[in-house]
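Below is one structure, written out as structure tokens, with a few remarks after it.
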Amino acid sequence: MGGKRRDSKKRILRNGESQRQDGRYAFKYIDATGKPQFVYSWKLEKTDKTPQGKRDDISLRKKEKLILKDIDDAIVPCGGEMTVLELVRKYLLQKTGVRHNTEANYNFVVNIIKKEDFGKKRIDKVKLSDAKCWLIKLQKDGRGYSTIHSVRGVVRPAFQMAVDDDLISKNPFEFQLATVVVNDSVTREALTRKQERAFLEFLENDKQFCRYYEGIYILFKTGLRISELQIERS
């Protein structure tokens with residue numbers, strides 16, 4: 001027992017663990033690429049208190065647990081050093097053959113991310129709370145709900161791609177958008193009931209356009225697209 005390494009509180013240190021002269025703990029490990037890496041914490045266990053004046057953090061052994069899980073799951077260390085913007089661009093490279101409006105929306109989202117510090121953040125550093133705070137910031141900056149919805153509609157599948165590629169272990173954007181930002185969008189009414197009745201009445205009584213009455217009536221009442229409507233005439 002006398003040969004085992006111990007910390008300043010006489011606790012036995014595990015393989016890879018050490019305590020520095022300033023009291024900070026370190027854990028050395030070999031990542032999936034074979035390179036040595038270090039993580040640090042002022043606490044060995046979660047019940048330890050952070051020294052006064054030092055930044056609070058999770059305990060070293062909590063970090064060890066997360067690291068060893070990632071190694072076991074073959075997660076690429078440091079998210080492959082990829083930023084949020086780089087991840088989104090990689091995801092969008094796979095979106096070929098999309099319509100012009102869809103491509104324009106993708107470019108719109110990329111331009112928003114380019115202007116944000118969040119876009120420079122490394123993907124493995126993005127936590128659930130970071131993702132939520134960023135979307136809240138966008139709304140505080142004046143972005144509308146529909147814009148934020150579009151941004152998340154690109155970022156969420158991009159992060160899911162990173163999960164599938166073993167770059168990260170969890171998708172930080174897997175949450176209901178309405179629980180984070182306020183839906184301030186206004187539902188537009190294309191045509192009021194009064195306008196609909198007046199239009200149908202005009203068609204029904206007009207000698208030239210009365211032949212379109214049945215078809216337009218069906219479109220109004222069913223919500224069919226014009227391309228989906230087929231009327232056979234005898």
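To be explicit about the labels: the chains of the structure tokens are called A, B, and onward in the order shown, and within each one the residues are counted from 1, while ligands get numbers from 1 in the order they are shown.
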
*asked:* I need the helix (DSSP H, G or I) residues of segment 19-174 of chain A per DSSP on the backbone, written as a PyMOL selection string.
replied: chain A and resi 60-72+77-81+84-93+100-115+117-120+123-125+128-140+145-164

Could you list, with a cut-off of 9 Å and counting only C-alpha atoms, the residues of segment 151-211 of chain A near segment 135-140 of chain A, each shown with its nearest atom pair and the distance in Å rounded to one decimal, rows sorted by chain and ascending number, as CSV?
```
residue,atom,partner,partner_atom,distance
A:Val151,CA,A:Leu135,CA,8.8
A:Arg152,CA,A:Leu135,CA,8.3
A:Leu177,CA,A:Leu135,CA,8.8
A:Val180,CA,A:Ile136,CA,6.8
A:Val181,CA,A:Ile136,CA,5.8
A:Val182,CA,A:Gln139,CA,8.2
```

Given the selection you just returned, output its residues as a file containing N, CA and C atoms, formatted as an mmCIF file, in the first residue's frame.
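Heads up, here's the output in part-v6.cif:
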```cif
data_model
loop_
_atom_site.group_PDB
_atom_site.id
_atom_site.type_symbol
_atom_site.label_atom_id
_atom_site.label_comp_id
_atom_site.auth_asym_id
_atom_site.auth_seq_id
_atom_site.Cartn_x
_atom_site.Cartn_y
_atom_site.Cartn_z
ATOM 1 N N VAL A 151 -32.743 28.428 -39.375
ATOM 2 C CA VAL A 151 -31.369 28.187 -38.914
ATOM 3 C C VAL A 151 -31.273 26.829 -38.234
ATOM 4 N N ARG A 152 -32.182 26.574 -37.327
ATOM 5 C CA ARG A 152 -32.169 25.289 -36.615
ATOM 6 C C ARG A 152 -32.451 24.127 -37.567
ATOM 7 N N LEU A 177 -38.063 23.645 -30.392
ATOM 8 C CA LEU A 177 -37.733 25.061 -30.552
ATOM 9 C C LEU A 177 -38.666 25.953 -29.752
ATOM 10 N N VAL A 180 -37.849 27.145 -26.257
ATOM 11 C CA VAL A 180 -36.668 27.982 -26.050
ATOM 12 C C VAL A 180 -36.899 29.428 -26.497
ATOM 13 N N VAL A 181 -37.469 29.606 -27.680
ATOM 14 C CA VAL A 181 -37.726 30.960 -28.193
ATOM 15 C C VAL A 181 -39.220 31.170 -28.366
ATOM 16 N N VAL A 182 -39.615 32.424 -28.327
ATOM 17 C CA VAL A 182 -41.032 32.776 -28.424
ATOM 18 C C VAL A 182 -41.462 32.789 -29.888
#
```

Strand (DSSP E) per DSSP on the backbone: members of segment 20-195 of chain A, as a compact mmCIF listing (two decimals) with N, CA and C atoms, in the first residue's frame:
```txt
# COMPACT_ATOMS: atom_id res chain seq x y z
N TYR A 25 -5.49 18.85 -10.37
CA TYR A 25 -5.39 17.45 -10.78
C TYR A 25 -5.28 17.37 -12.31
N ALA A 26 -4.60 16.31 -12.77
CA ALA A 26 -4.44 16.09 -14.21
C ALA A 26 -4.69 14.63 -14.52
N PHE A 27 -5.20 14.41 -15.72
CA PHE A 27 -5.40 13.04 -16.20
C PHE A 27 -4.81 12.93 -17.59
N LYS A 28 -3.89 11.99 -17.77
CA LYS A 28 -3.25 11.77 -19.06
C LYS A 28 -3.85 10.51 -19.70
N TYR A 29 -4.17 10.64 -21.00
CA TYR A 29 -4.73 9.49 -21.71
C TYR A 29 -4.27 9.52 -23.16
N ILE A 30 -4.45 8.42 -23.84
CA ILE A 30 -4.11 8.32 -25.26
C ILE A 30 -5.41 8.34 -26.06
N PRO A 36 -1.03 11.49 -27.03
CA PRO A 36 -1.29 11.74 -25.61
C PRO A 36 -2.04 13.06 -25.41
N GLN A 37 -3.00 13.04 -24.51
CA GLN A 37 -3.79 14.23 -24.21
C GLN A 37 -3.89 14.40 -22.69
N PHE A 38 -4.16 15.64 -22.25
CA PHE A 38 -4.30 15.93 -20.83
C PHE A 38 -5.59 16.70 -20.58
N VAL A 39 -6.24 16.41 -19.47
CA VAL A 39 -7.35 17.24 -18.99
C VAL A 39 -7.06 17.57 -17.53
N TYR A 40 -7.64 18.69 -17.08
CA TYR A 40 -7.32 19.19 -15.74
C TYR A 40 -8.59 19.57 -14.98
N SER A 41 -8.49 19.56 -13.68
CA SER A 41 -9.57 20.03 -12.81
C SER A 41 -9.01 20.31 -11.42
```

*asked:* Can you tell me which residues surround segment 115-118 of chain A at a distance of at most 12 Å, considering only C-alpha atoms, apart from same-chain residues fewer than 2 positions away, and format the answer as a list in words?
replied: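 Surrounding residues, per the criterion: Thr83, Val84, Leu85, Glu86, Phe108, Val109, Val110, Asn111, Ile112, Ile113, Lys120, Lys121, Arg122, Ile123, Lys125, Val126, Lys127, Asp130, Ala131, Lys132, Cys133, Trp134, Leu135, Lys137, Leu138, Asp141 and Val155 of chain A.
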
Put those residues in a file: C-alpha atoms, as a PDB file, in the first residue's frame.
```pdb
ATOM      1  CA  THR A  83     -16.160  24.411 -36.211  1.00  0.00           C
ATOM      2  CA  VAL A  84     -19.922  24.850 -36.414  1.00  0.00           C
ATOM      3  CA  LEU A  85     -19.596  26.774 -39.673  1.00  0.00           C
ATOM      4  CA  GLU A  86     -17.348  24.109 -41.199  1.00  0.00           C
ATOM      5  CA  PHE A 108     -29.063  32.751 -45.952  1.00  0.00           C
ATOM      6  CA  VAL A 109     -28.443  30.452 -42.973  1.00  0.00           C
ATOM      7  CA  VAL A 110     -24.709  30.178 -43.717  1.00  0.00           C
ATOM      8  CA  ASN A 111     -24.397  33.970 -43.852  1.00  0.00           C
ATOM      9  CA  ILE A 112     -26.044  34.252 -40.439  1.00  0.00           C
ATOM     10  CA  ILE A 113     -23.688  31.657 -38.916  1.00  0.00           C
ATOM     11  CA  LYS A 120     -16.366  29.640 -34.791  1.00  0.00           C
ATOM     12  CA  LYS A 121     -17.041  27.336 -31.851  1.00  0.00           C
ATOM     13  CA  ARG A 122     -15.633  23.815 -32.040  1.00  0.00           C
ATOM     14  CA  ILE A 123     -18.475  21.329 -32.414  1.00  0.00           C
ATOM     15  CA  LYS A 125     -17.529  22.158 -27.245  1.00  0.00           C
ATOM     16  CA  VAL A 126     -21.193  22.913 -28.044  1.00  0.00           C
ATOM     17  CA  LYS A 127     -23.441  21.792 -25.209  1.00  0.00           C
ATOM     18  CA  ASP A 130     -24.954  26.623 -25.580  1.00  0.00           C
ATOM     19  CA  ALA A 131     -27.308  25.737 -28.430  1.00  0.00           C
ATOM     20  CA  LYS A 132     -30.327  27.093 -26.568  1.00  0.00           C
ATOM     21  CA  CYS A 133     -28.561  30.294 -25.527  1.00  0.00           C
ATOM     22  CA  TRP A 134     -27.471  30.936 -29.112  1.00  0.00           C
ATOM     23  CA  LEU A 135     -31.006  30.679 -30.478  1.00  0.00           C
ATOM     24  CA  LYS A 137     -29.522  35.441 -28.620  1.00  0.00           C
ATOM     25  CA  LEU A 138     -30.642  35.390 -32.245  1.00  0.00           C
ATOM     26  CA  ASP A 141     -30.842  40.411 -31.810  1.00  0.00           C
ATOM     27  CA  VAL A 155     -27.909  23.179 -37.880  1.00  0.00           C
TER      28      VAL A 155
END
```
